[in-house]
file start_39.csv (CSV, C-alpha atoms)
chain,number,residue,atom,x,y,z
A,177,MET,CA,-33.9,23.2,19.4
A,178,GLU,CA,-33.3,23.3,23.2
A,179,LYS,CA,-33.8,19.9,24.8
A,180,ILE,CA,-36.3,20.7,27.6
A,181,PHE,CA,-37.8,17.3,28.4
A,182,ASN,CA,-35.1,16.0,30.8
A,183,ASN,CA,-35.9,18.6,33.4
A,184,THR,CA,-37.4,16.3,36.1
A,185,GLU,CA,-37.7,19.1,38.7
A,186,VAL,CA,-40.2,20.8,36.5
A,187,ALA,CA,-41.9,17.6,35.4
A,188,PHE,CA,-42.7,16.3,38.9
A,189,SER,CA,-43.0,19.6,40.7
A,190,LEU,CA,-46.6,18.8,41.7
A,191,LYS,CA,-45.8,15.4,43.1
A,192,ASN,CA,-44.8,14.9,46.7
A,193,ASN,CA,-42.4,12.1,47.6
A,194,ALA,CA,-45.1,9.6,48.4
A,195,GLU,CA,-46.8,10.2,45.0
A,196,LEU,CA,-43.4,9.9,43.3
A,197,ASN,CA,-42.7,6.6,45.0
A,198,ARG,CA,-46.2,5.4,44.0
A,199,ALA,CA,-45.5,6.3,40.4
A,200,ASN,CA,-42.2,4.4,40.6
A,201,PHE,CA,-43.9,1.3,41.9
A,202,LEU,CA,-46.7,1.4,39.3
A,203,PHE,CA,-44.4,1.8,36.3
A,204,LYS,CA,-42.2,-1.0,37.6
A,205,MET,CA,-45.2,-3.2,37.7
A,206,ILE,CA,-46.4,-2.1,34.2
A,207,SER,CA,-42.9,-2.8,32.8
A,208,HIS,CA,-43.7,-6.6,33.3
A,209,PRO,CA,-46.4,-7.8,30.8
A,210,THR,CA,-47.0,-10.9,32.8
A,211,LEU,CA,-47.8,-8.9,35.9
A,212,VAL,CA,-50.1,-6.7,33.9
A,213,LYS,CA,-52.0,-9.7,32.6
A,214,MET,CA,-52.3,-11.2,36.1
A,215,GLY,CA,-53.4,-7.8,37.5
A,216,SER,CA,-56.0,-7.4,34.8
A,217,SER,CA,-57.4,-10.9,35.4
A,218,LEU,CA,-57.5,-10.3,39.2
A,219,ALA,CA,-59.3,-6.9,38.7
A,220,HIS,CA,-61.9,-8.5,36.5
A,221,PHE,CA,-62.4,-11.3,39.0
A,222,ALA,CA,-62.7,-8.8,41.9
A,223,ILE,CA,-65.3,-6.8,40.1
A,224,LYS,CA,-67.3,-9.8,39.0
A,225,TYR,CA,-67.5,-11.2,42.5
A,226,LYS,CA,-67.7,-7.8,44.2
A,227,LEU,CA,-64.6,-8.3,46.3
A,228,PRO,CA,-63.8,-5.4,48.7
A,229,VAL,CA,-60.8,-4.0,46.7
A,230,GLU,CA,-62.2,-0.6,45.7
A,231,GLY,CA,-60.0,1.2,48.3
A,232,MET,CA,-56.9,-0.5,47.2
A,233,ILE,CA,-57.5,0.3,43.5
A,234,ARG,CA,-58.4,3.9,44.4
A,235,LYS,CA,-55.2,4.5,46.4
A,236,THR,CA,-52.9,3.1,43.8
A,237,VAL,CA,-53.6,2.9,40.0
A,238,PHE,CA,-56.8,4.9,40.1
A,239,ASP,CA,-55.4,8.0,41.8
A,240,HIS,CA,-52.3,8.0,39.6
A,241,PHE,CA,-54.2,7.8,36.3
A,242,CYS,CA,-57.6,9.4,37.1
A,243,GLY,CA,-58.8,12.7,38.5
A,244,GLY,CA,-61.7,11.4,40.7
A,245,VAL,CA,-64.9,9.5,40.8
A,246,ASN,CA,-67.0,12.4,39.5
A,247,GLU,CA,-66.5,15.8,37.9
A,248,GLU,CA,-66.5,17.7,41.3
A,249,ASP,CA,-63.9,15.3,42.6
A,250,CYS,CA,-61.6,16.3,39.7
A,251,LEU,CA,-61.5,20.0,40.5
A,252,SER,CA,-58.7,19.9,43.0
A,253,VAL,CA,-56.5,18.1,40.4
A,254,VAL,CA,-57.6,20.6,37.7
A,255,ASP,CA,-56.8,23.6,39.8
A,256,LYS,CA,-53.4,22.1,40.9
A,257,MET,CA,-52.3,21.4,37.4
A,258,TYR,CA,-53.4,24.8,36.2
A,259,THR,CA,-51.0,26.5,38.7
A,260,LYS,CA,-48.3,25.2,36.3
A,261,LYS,CA,-50.4,26.3,33.2
A,262,VAL,CA,-51.4,22.7,32.3
A,263,SER,CA,-55.1,22.6,31.3
A,264,SER,CA,-57.4,19.6,31.7
A,265,VAL,CA,-59.8,17.6,29.5
A,266,LEU,CA,-62.4,16.0,31.7
A,267,ASP,CA,-62.9,12.5,30.2
A,268,TYR,CA,-65.8,10.4,31.5
A,269,SER,CA,-64.0,7.1,31.1
A,270,VAL,CA,-66.8,4.6,31.6
A,271,GLU,CA,-66.7,2.0,28.8
A,272,GLY,CA,-68.7,-0.9,27.5
A,273,LYS,CA,-72.3,0.4,28.2
A,274,GLU,CA,-75.1,-0.9,26.0
A,275,SER,CA,-78.5,0.4,27.0
A,276,GLU,CA,-80.4,3.6,25.9
A,277,GLU,CA,-80.6,4.7,29.5
A,278,GLN,CA,-76.8,4.4,29.8
A,279,PHE,CA,-76.3,6.3,26.5
A,280,ASP,CA,-78.6,9.1,27.8
A,281,ALA,CA,-76.7,9.2,31.1
A,282,ALA,CA,-73.4,9.6,29.1
A,283,LEU,CA,-75.0,12.4,27.1
A,284,GLU,CA,-76.0,14.2,30.3
A,285,MET,CA,-72.5,13.7,31.8
A,286,THR,CA,-70.9,15.1,28.6
A,287,LEU,CA,-73.1,18.2,28.7
A,288,LYS,CA,-72.2,18.6,32.3
A,289,THR,CA,-68.5,18.6,31.5
A,290,ILE,CA,-69.1,21.2,28.7
A,291,GLU,CA,-70.8,23.4,31.3
A,292,PHE,CA,-67.8,22.8,33.6
A,293,ALA,CA,-65.5,23.8,30.8
A,294,LYS,CA,-67.5,27.0,30.0
A,295,GLU,CA,-67.0,28.2,33.6
A,296,ARG,CA,-63.3,27.4,34.0
A,297,GLN,CA,-60.4,28.6,32.0
A,298,ALA,CA,-58.5,25.6,33.1
A,299,ILE,CA,-60.8,23.2,31.2
A,300,PRO,CA,-60.7,24.4,27.5
A,301,PHE,CA,-62.0,21.1,26.0
A,302,ALA,CA,-64.7,18.6,26.5
A,303,VAL,CA,-64.6,15.0,25.1
A,304,PHE,CA,-66.8,12.0,24.4
A,305,LYS,CA,-66.6,8.6,22.7
A,306,PRO,CA,-69.0,7.8,19.8
A,307,THR,CA,-69.9,4.5,21.4
A,308,GLY,CA,-70.5,6.3,24.7
A,309,VAL,CA,-73.8,7.6,23.1
A,310,GLY,CA,-74.8,4.7,20.9
A,311,LYS,CA,-74.3,1.0,20.2
A,312,PHE,CA,-71.1,-0.1,18.6
A,313,ASP,CA,-72.9,-2.5,16.2
A,314,LEU,CA,-75.0,0.4,14.8
A,315,PHE,CA,-71.8,2.3,13.8
A,316,VAL,CA,-70.5,-0.8,12.1
A,317,LYS,CA,-73.7,-1.4,10.2
A,318,LYS,CA,-74.0,2.3,9.2
A,319,GLY,CA,-70.4,2.3,7.9
A,320,GLU,CA,-71.0,-0.8,5.8
A,321,ASN,CA,-74.1,0.9,4.3
A,322,ALA,CA,-76.2,-2.0,5.4
A,323,GLU,CA,-80.0,-1.5,5.6
A,324,PHE,CA,-81.3,-0.8,9.0
A,325,THR,CA,-84.4,-2.3,10.5
A,326,PRO,CA,-87.0,0.2,11.6
A,327,GLN,CA,-85.8,-0.3,15.2
A,328,GLU,CA,-82.2,0.2,14.2
A,329,GLN,CA,-83.0,3.4,12.3
A,330,PHE,CA,-84.8,4.7,15.3
A,331,ALA,CA,-81.8,4.0,17.5
A,332,TRP,CA,-79.4,5.5,14.9
A,333,ASN,CA,-81.5,8.7,14.8
A,334,LYS,CA,-81.1,8.9,18.5
A,335,ILE,CA,-77.3,8.7,18.1
A,336,VAL,CA,-77.3,11.5,15.5
A,337,ASN,CA,-79.5,13.6,17.9
A,338,ARG,CA,-77.1,13.0,20.8
A,339,PHE,CA,-74.1,14.0,18.7
A,340,ASP,CA,-75.9,17.1,17.6
A,341,ILE,CA,-77.0,18.1,21.1
A,342,ILE,CA,-73.4,17.7,22.4
A,343,CYS,CA,-71.8,19.6,19.4
A,344,ARG,CA,-74.5,22.4,19.5
A,345,THR,CA,-74.0,22.9,23.2
A,346,ALA,CA,-70.2,23.1,22.8
A,347,TYR,CA,-70.7,25.6,20.0
A,348,GLU,CA,-73.1,27.7,22.1
A,349,LYS,CA,-70.8,27.6,25.1
A,350,ASP,CA,-67.7,28.2,23.0
A,351,VAL,CA,-66.0,25.1,24.3
A,352,PHE,CA,-63.7,23.0,22.1
A,353,LEU,CA,-65.0,19.4,21.7
A,354,LEU,CA,-62.9,16.4,21.1
A,355,ILE,CA,-64.6,13.3,19.6
A,356,ASP,CA,-62.4,10.2,20.2
A,357,ALA,CA,-61.7,7.6,17.6
A,358,GLU,CA,-62.3,3.9,18.1
A,359,GLU,CA,-61.9,0.7,16.1
A,360,SER,CA,-61.5,1.0,12.4
A,361,TRP,CA,-64.6,-1.1,11.5
A,362,MET,CA,-66.9,1.3,13.2
A,363,GLN,CA,-65.0,4.5,12.5
A,364,ASP,CA,-66.3,5.3,9.0
A,365,ALA,CA,-69.8,6.1,10.4
A,366,ALA,CA,-68.3,8.1,13.2
A,367,ASP,CA,-66.1,10.1,10.8
A,368,ASP,CA,-69.0,10.9,8.5
A,369,LEU,CA,-71.2,12.0,11.4
A,370,THR,CA,-68.4,14.1,12.9
A,371,LEU,CA,-67.8,15.7,9.6
A,372,ASP,CA,-71.4,16.7,9.4
A,373,MET,CA,-71.1,18.3,12.9
A,374,MET,CA,-68.1,20.3,11.6
A,375,ARG,CA,-70.1,21.5,8.7
A,376,LYS,CA,-72.7,22.9,11.1
A,377,TYR,CA,-70.6,24.2,14.0
A,378,ASN,CA,-67.1,25.0,12.6
A,379,LYS,CA,-68.0,27.8,10.3
A,380,GLU,CA,-66.2,30.6,12.4
A,381,LYS,CA,-63.5,28.4,13.9
A,382,ALA,CA,-62.8,24.8,14.9
A,383,ILE,CA,-65.1,23.8,17.8
A,384,VAL,CA,-65.7,20.1,16.9
A,385,PHE,CA,-62.5,18.0,16.6
A,386,ASN,CA,-62.4,14.5,15.2
A,387,THR,CA,-59.6,12.1,16.0
A,388,ALA,CA,-57.2,10.5,13.5
A,389,GLN,CA,-55.3,7.5,14.7
A,390,THR,CA,-52.1,7.5,12.6
A,391,TYR,CA,-51.2,3.9,13.2
A,392,ARG,CA,-53.7,3.5,10.4
A,393,TRP,CA,-51.8,4.0,7.2
A,394,ASP,CA,-54.8,5.7,5.5
A,395,ARG,CA,-55.1,8.6,7.9
A,396,PHE,CA,-52.7,11.0,6.3
A,397,ASP,CA,-54.8,10.9,3.1
A,398,TYR,CA,-58.0,11.2,5.2
A,399,ILE,CA,-56.7,14.4,6.8
A,400,LYS,CA,-55.9,15.9,3.5
A,401,GLU,CA,-59.2,14.8,2.0
A,402,ILE,CA,-61.4,16.4,4.7
A,403,HIS,CA,-59.3,19.5,4.7
A,404,GLN,CA,-60.1,20.0,1.0
A,405,ILE,CA,-63.8,19.4,1.8
A,406,GLY,CA,-63.6,22.1,4.5
A,407,LEU,CA,-61.9,24.5,2.2
A,408,ALA,CA,-64.5,23.9,-0.6
A,409,GLU,CA,-67.5,24.2,1.7
A,410,GLY,CA,-66.2,27.0,4.0
A,411,PHE,CA,-65.8,25.4,7.4
A,412,HIS,CA,-62.8,24.7,9.7
A,413,ILE,CA,-61.3,21.2,10.3
A,414,GLY,CA,-60.4,20.4,13.9
A,415,LEU,CA,-58.4,17.2,14.5
A,416,LYS,CA,-56.9,15.5,17.4
A,417,VAL,CA,-54.0,13.5,15.9
A,418,VAL,CA,-52.7,10.5,17.9
A,419,ARG,CA,-50.8,7.3,17.2
A,420,GLY,CA,-53.6,5.0,18.3
A,421,ALA,CA,-55.0,2.7,21.0
A,422,TYR,CA,-56.4,-0.5,19.5
A,423,MET,CA,-53.4,-1.9,17.5
A,424,GLU,CA,-53.5,-5.6,18.7
A,425,LYS,CA,-57.2,-5.8,18.3
A,426,GLU,CA,-57.1,-4.4,14.8
A,427,ARG,CA,-54.4,-6.8,13.6
A,428,GLU,CA,-56.2,-9.8,15.2
A,429,ARG,CA,-59.5,-9.0,13.5
A,430,ALA,CA,-57.9,-8.4,10.1
A,431,GLN,CA,-56.2,-11.8,10.3
A,432,GLU,CA,-59.3,-13.5,11.6
A,433,LYS,CA,-61.5,-12.1,8.8
A,434,GLY,CA,-59.0,-12.2,6.0
A,435,TYR,CA,-58.7,-8.5,5.0
A,436,PRO,CA,-55.5,-6.4,4.8
A,437,SER,CA,-54.6,-4.9,8.2
A,438,PRO,CA,-55.4,-1.2,8.4
A,439,ILE,CA,-52.4,-0.8,10.7
A,440,CYS,CA,-48.9,0.3,9.7
A,441,ALA,CA,-46.5,-2.6,9.5
A,442,THR,CA,-43.9,-1.1,11.8
A,443,LYS,CA,-43.7,1.5,14.5
A,444,ALA,CA,-41.4,3.6,12.2
A,445,GLU,CA,-44.2,3.8,9.7
A,446,THR,CA,-46.6,4.9,12.4
A,447,ASP,CA,-44.2,7.5,13.5
A,448,GLU,CA,-43.8,8.7,9.9
A,449,THR,CA,-47.6,8.9,9.4
A,450,PHE,CA,-48.0,10.8,12.6
A,451,ASN,CA,-45.3,13.3,11.8
A,452,LYS,CA,-46.5,13.8,8.2
A,453,SER,CA,-50.0,14.4,9.5
A,454,VAL,CA,-49.1,17.0,12.1
A,455,ALA,CA,-46.6,18.7,9.7
A,456,TYR,CA,-49.4,19.1,7.1
A,457,MET,CA,-51.7,20.6,9.7
A,458,LEU,CA,-49.1,23.0,11.1
A,459,GLU,CA,-48.3,24.1,7.5
A,460,ASN,CA,-52.1,24.8,7.1
A,461,ILE,CA,-52.8,26.1,10.6
A,462,ASN,CA,-54.0,29.4,9.2
A,463,ASN,CA,-55.9,27.8,6.4
A,464,LYS,CA,-59.0,26.6,8.3
A,465,MET,CA,-57.2,23.9,10.4
A,466,ALA,CA,-56.8,23.4,14.2
A,467,LEU,CA,-54.6,20.7,15.8
A,468,PHE,CA,-54.7,18.9,19.1
A,469,ALA,CA,-51.5,16.8,19.0
A,470,GLY,CA,-51.9,13.9,21.4
A,471,THR,CA,-48.5,12.4,21.8
A,472,HIS,CA,-46.1,11.0,24.4
A,473,ASN,CA,-43.3,11.0,21.9
A,474,GLU,CA,-40.5,13.5,22.6
A,475,ASP,CA,-39.1,13.5,19.0
A,476,SER,CA,-42.5,14.3,17.5
A,477,SER,CA,-42.9,17.0,20.2
A,478,TYR,CA,-39.6,18.6,19.3
A,479,MET,CA,-40.5,18.4,15.6
A,480,MET,CA,-43.7,20.3,16.2
A,481,MET,CA,-42.0,22.9,18.3
A,482,ARG,CA,-39.5,23.5,15.5
A,483,MET,CA,-42.3,23.7,12.9
A,484,MET,CA,-44.2,26.2,15.0
A,485,GLN,CA,-41.1,28.4,15.1
A,486,GLU,CA,-40.5,28.0,11.3
A,487,ASN,CA,-44.1,28.8,10.5
A,488,ASN,CA,-44.3,31.8,13.0
A,489,ILE,CA,-47.0,30.1,15.1
A,490,SER,CA,-47.0,31.6,18.5
A,491,HIS,CA,-46.7,29.2,21.5
A,492,ASN,CA,-50.2,30.1,22.7
A,493,ASP,CA,-52.0,30.1,19.4
A,494,GLU,CA,-55.4,28.6,20.3
A,495,LYS,CA,-55.3,26.5,17.1
A,496,MET,CA,-52.4,24.4,18.3
A,497,TRP,CA,-52.5,22.3,21.5
A,498,PHE,CA,-50.2,19.5,22.9
A,499,GLY,CA,-52.0,16.8,24.8
A,500,GLN,CA,-50.9,13.9,27.1
A,501,LEU,CA,-52.7,11.5,29.5
A,502,TYR,CA,-52.9,12.3,33.2
A,503,GLY,CA,-50.3,10.2,35.0
A,504,MET,CA,-48.0,9.9,32.0
A,505,SER,CA,-45.3,12.0,30.2
A,506,ASP,CA,-45.2,14.8,32.8
A,507,ASN,CA,-41.8,15.6,31.5
A,508,ILE,CA,-43.4,16.7,28.2
A,509,SER,CA,-46.5,18.3,29.6
A,510,TYR,CA,-45.0,20.5,32.3
A,511,ASN,CA,-41.9,21.5,30.5
A,512,LEU,CA,-44.0,22.5,27.4
A,513,ALA,CA,-46.3,24.5,29.7
A,514,LYS,CA,-43.3,26.2,31.4
A,515,HIS,CA,-42.2,27.4,27.9
A,516,ASN,CA,-45.8,28.8,27.3
A,517,TYR,CA,-47.1,26.2,24.9
A,518,ASN,CA,-50.8,25.2,25.1
A,519,VAL,CA,-50.9,21.9,27.0
A,520,ALA,CA,-53.9,19.9,28.2
A,521,LYS,CA,-53.9,16.6,30.1
A,522,TYR,CA,-56.7,14.1,29.5
A,523,LEU,CA,-58.2,13.6,33.0
A,524,PRO,CA,-60.3,10.4,33.2
A,525,PHE,CA,-63.0,10.2,35.9
A,526,GLY,CA,-65.8,7.9,36.9
A,527,PRO,CA,-66.8,5.4,39.6
A,528,VAL,CA,-63.8,3.3,40.4
A,529,PHE,CA,-65.0,-0.1,39.2
A,530,ASP,CA,-66.6,1.4,36.1
A,531,VAL,CA,-63.2,2.9,35.1
A,532,VAL,CA,-61.2,-0.3,35.7
A,533,PRO,CA,-61.6,-1.4,31.9
A,534,TYR,CA,-60.0,2.0,31.0
A,535,LEU,CA,-57.2,1.5,33.5
A,536,ILE,CA,-56.5,-2.0,32.2
A,537,ARG,CA,-56.3,-0.8,28.7
A,538,ARG,CA,-53.9,2.0,29.7
A,539,ALA,CA,-51.6,-0.6,31.4
A,540,GLU,CA,-51.7,-2.9,28.5
A,541,GLU,CA,-50.9,-0.1,26.0
A,542,ASN,CA,-47.9,0.9,28.1
A,543,THR,CA,-46.5,-2.6,28.1
A,544,SER,CA,-46.8,-2.7,24.3
A,545,VAL,CA,-45.1,0.6,23.5
A,546,ALA,CA,-41.3,-0.1,23.4
A,547,GLY,CA,-39.4,2.3,25.6
A,548,GLN,CA,-42.3,4.3,27.0
A,549,THR,CA,-42.4,2.6,30.4
A,550,ASN,CA,-38.6,2.5,30.7
A,551,ARG,CA,-38.5,6.3,29.9
A,552,GLU,CA,-41.1,7.0,32.6
A,553,LEU,CA,-39.1,4.9,35.1
A,554,THR,CA,-35.8,6.6,34.3
A,555,LEU,CA,-37.3,10.1,34.8
A,556,ILE,CA,-39.0,9.1,38.0
A,557,GLU,CA,-35.8,7.5,39.4
A,558,THR,CA,-33.8,10.6,38.3
A,559,GLU,CA,-36.1,12.9,40.3
A,560,ILE,CA,-36.1,10.6,43.4
A,561,LYS,CA,-32.3,10.8,43.3
A,562,ARG,CA,-32.3,14.5,42.8
A,563,ARG,CA,-34.4,15.1,45.8
A,564,ARG,CA,-32.3,12.8,48.0
A,565,LEU,CA,-29.2,14.9,47.1
A,566,LYS,CA,-30.8,18.2,47.8
call {"tool": "encode", "arguments": {"input": "start_39.csv", "output": "structure tokens"}}
result
Amino acid sequence: MEKIFNNTEVAFSLKNNAELNRANFLFKMISHPTLVKMGSSLAHFAIKYKLPVEGMIRKTVFDHFCGGVNEEDCLSVVDKMYTKKVSSVLDYSVEGKESEEQFDAALEMTLKTIEFAKERQAIPFAVFKPTGVGKFDLFVKKGENAEFTPQEQFAWNKIVNRFDIICRTAYEKDVFLLIDAEESWMQDAADDLTLDMMRKYNKEKAIVFNTAQTYRWDRFDYIKEIHQIGLAEGFHIGLKVVRGAYMEKERERAQEKGYPSPICATKAETDETFNKSVAYMLENINNKMALFAGTHNEDSSYMMMRMMQENNISHNDEKMWFGQLYGMSDNISYNLAKHNYNVAKYLPFGPVFDVVPYLIRRAEENTSVAGQTNRELTLIETEIKRRRLK
């Protein structure tokens, strides 16, 4: 398999020198966990006390990792990336909301992104988080099969209705829909609800995609289990497969509450679970399965490219997508796209201060993934040197 991910000219072709230098600065900062913690604390403090730092955040970390403050604001980024055949997933990345009014607002924003996607070939997917449309605690209680109060049942019914409105709209508009995964102790209820949506709307092809976080050791069995359900009942299984985003929180809670950690013991085990999961799906890609492989891992990407070749899966088969986050792993995204693979970048957006929790989580995740930040830095520095020598 040709090694394509070292081509920095392709990877950073859309970045001017100033943007490349900003990326270099940001990843150098992220490579120091102490600085990340200090920056996170300062950001929370600035938001709490309404300090005038929005412009500074916007011009640095926000513009590197986000598409804009609203969906219209993202369009210039969407169009620019699509000139290199990299698609976008508009991700309304406002977190931590709790009121019914906020959940309804998130519903309306998700419907708006579906409408955007319907009108633009550059945006093939929409996405939402389960807790963006309902209270976290209700998902937990439902997953535990605990009895709801009448008020809780009413609120849960509203969650189900919001899910159904979003999934039905995606189906009617023929837009792929990714439903993000969250913490394991709320995920059972979200999984069950998403499977019900697949039953309703994935009869002709995969429209609704659940997410499997493969740092959970049980996810490979989960993927095989729901595939068998889909085959038996006659509907397609769509899955976004990722490594995961809540590892430290998962381990801390398991230790605190005295239950076995749902997280793989080592990164090698997580890698194995991810690779097994995507391999199973690629082997069954023409057997009612569709895969969105969200990964920044070059070895896994090469493995999937090789498997596609071995299984005669065309580079542009709509049942197989590679995905990365905006502002990260451009060497994977743009080089895959140059070789005609389907690639989509998650493009977060939202009011600057509302998106700060997402940005902090991104920075903290980068510091915890061994080698990821150093790889980004090496590639950026290589491209800076290449341009100087031109």
call {"tool": "closest_residue", "arguments": {"input": "start_39.csv", "among": "A:Ile536, A:Ala466, A:Cys440, A:Met362", "to": "Ile233 (chain A)", "atoms": "all atoms listed in the file"}}
result
A:Ile536
call {"tool": "atom_distance", "arguments": {"input": "start_39.csv", "atom1": "CA of Lys261 (chain A)", "atom2": "CA of Glu474 (chain A)"}}
result
19.3 Å
call {"tool": "closest_residue", "arguments": {"input": "start_39.csv", "among": "A:Ala388, A:Leu353, A:Leu369, A:Leu227", "to": "Val336 (chain A)", "atoms": "all atoms listed in the file"}}
result
A:Leu369
call {"tool": "closest_residue", "arguments": {"input": "start_39.csv", "among": "A:Phe411, A:Tyr377, A:Phe279, A:Phe525", "to": "Arg234 (chain A)", "atoms": "only C-alpha atoms"}}
result
A:Phe525
call {"tool": "residues_around", "arguments": {"input": "start_39.csv", "residues": "Ala408 (chain A)", "least_positions_apart": "6", "cutoff": "12 Å", "atoms": "only C-alpha atoms", "output": "number ranges by chain"}}
result
A: 375, 401-402, 463-464
call {"tool": "residues_around", "arguments": {"input": "start_39.csv", "residues": "Ser264 (chain A)", "least_positions_apart": "4", "cutoff": "6 Å", "atoms": "all atoms listed in the file", "output": "PyMOL selection string"}}
result
chain A and resi 299+520-522
call {"tool": "closest_residue", "arguments": {"input": "start_39.csv", "among": "A:Thr558, A:Asp356, A:Gly470, A:Phe339", "to": "Tyr502 (chain A)", "atoms": "all atoms listed in the file"}}
result
A:Gly470
call {"tool": "residues_around", "arguments": {"input": "start_39.csv", "residues": "Ala302 (chain A)", "least_positions_apart": "3", "cutoff": "12 Å", "atoms": "all atoms listed in the file", "output": "PyMOL selection string"}}
result
chain A and resi 247+263-268+285-294+296+298-299+305+342-343+345-347+349-356+383-385+520-524
call {"tool": "atom_distance", "arguments": {"input": "start_39.csv", "atom1": "CA of Thr446 (chain A)", "atom2": "CA of Gln485 (chain A)"}}
result
24.3 Å
call {"tool": "atom_distance", "arguments": {"input": "start_39.csv", "atom1": "CA of Ala441 (chain A)", "atom2": "CA of Thr554 (chain A)"}}
result
28.5 Å
call {"tool": "closest_residue", "arguments": {"input": "start_39.csv", "among": "A:Asn487, A:Gln389, A:Thr549, A:Asn193", "to": "Lys561 (chain A)", "atoms": "only C-alpha atoms"}}
result
A:Asn193
call {"tool": "closest_residue", "arguments": {"input": "start_39.csv", "among": "A:Cys250, A:Ala513, A:Ala430, A:Ile399", "to": "Lys416 (chain A)", "atoms": "all atoms listed in the file"}}
result
A:Ile399
call {"tool": "residues_around", "arguments": {"input": "start_39.csv", "residues": "region 319-324 of chain A", "least_positions_apart": "4", "cutoff": "12 Å", "atoms": "only C-alpha atoms", "output": "ChimeraX atom specification"}}
result
/A:312-315,328-333,359-369
call {"tool": "residues_around", "arguments": {"input": "start_39.csv", "residues": "Arg427 (chain A)", "least_positions_apart": "3", "cutoff": "9 Å", "atoms": "all atoms listed in the file", "output": "ChimeraX atom specification"}}
result
/A:422-424,430-432,436-439
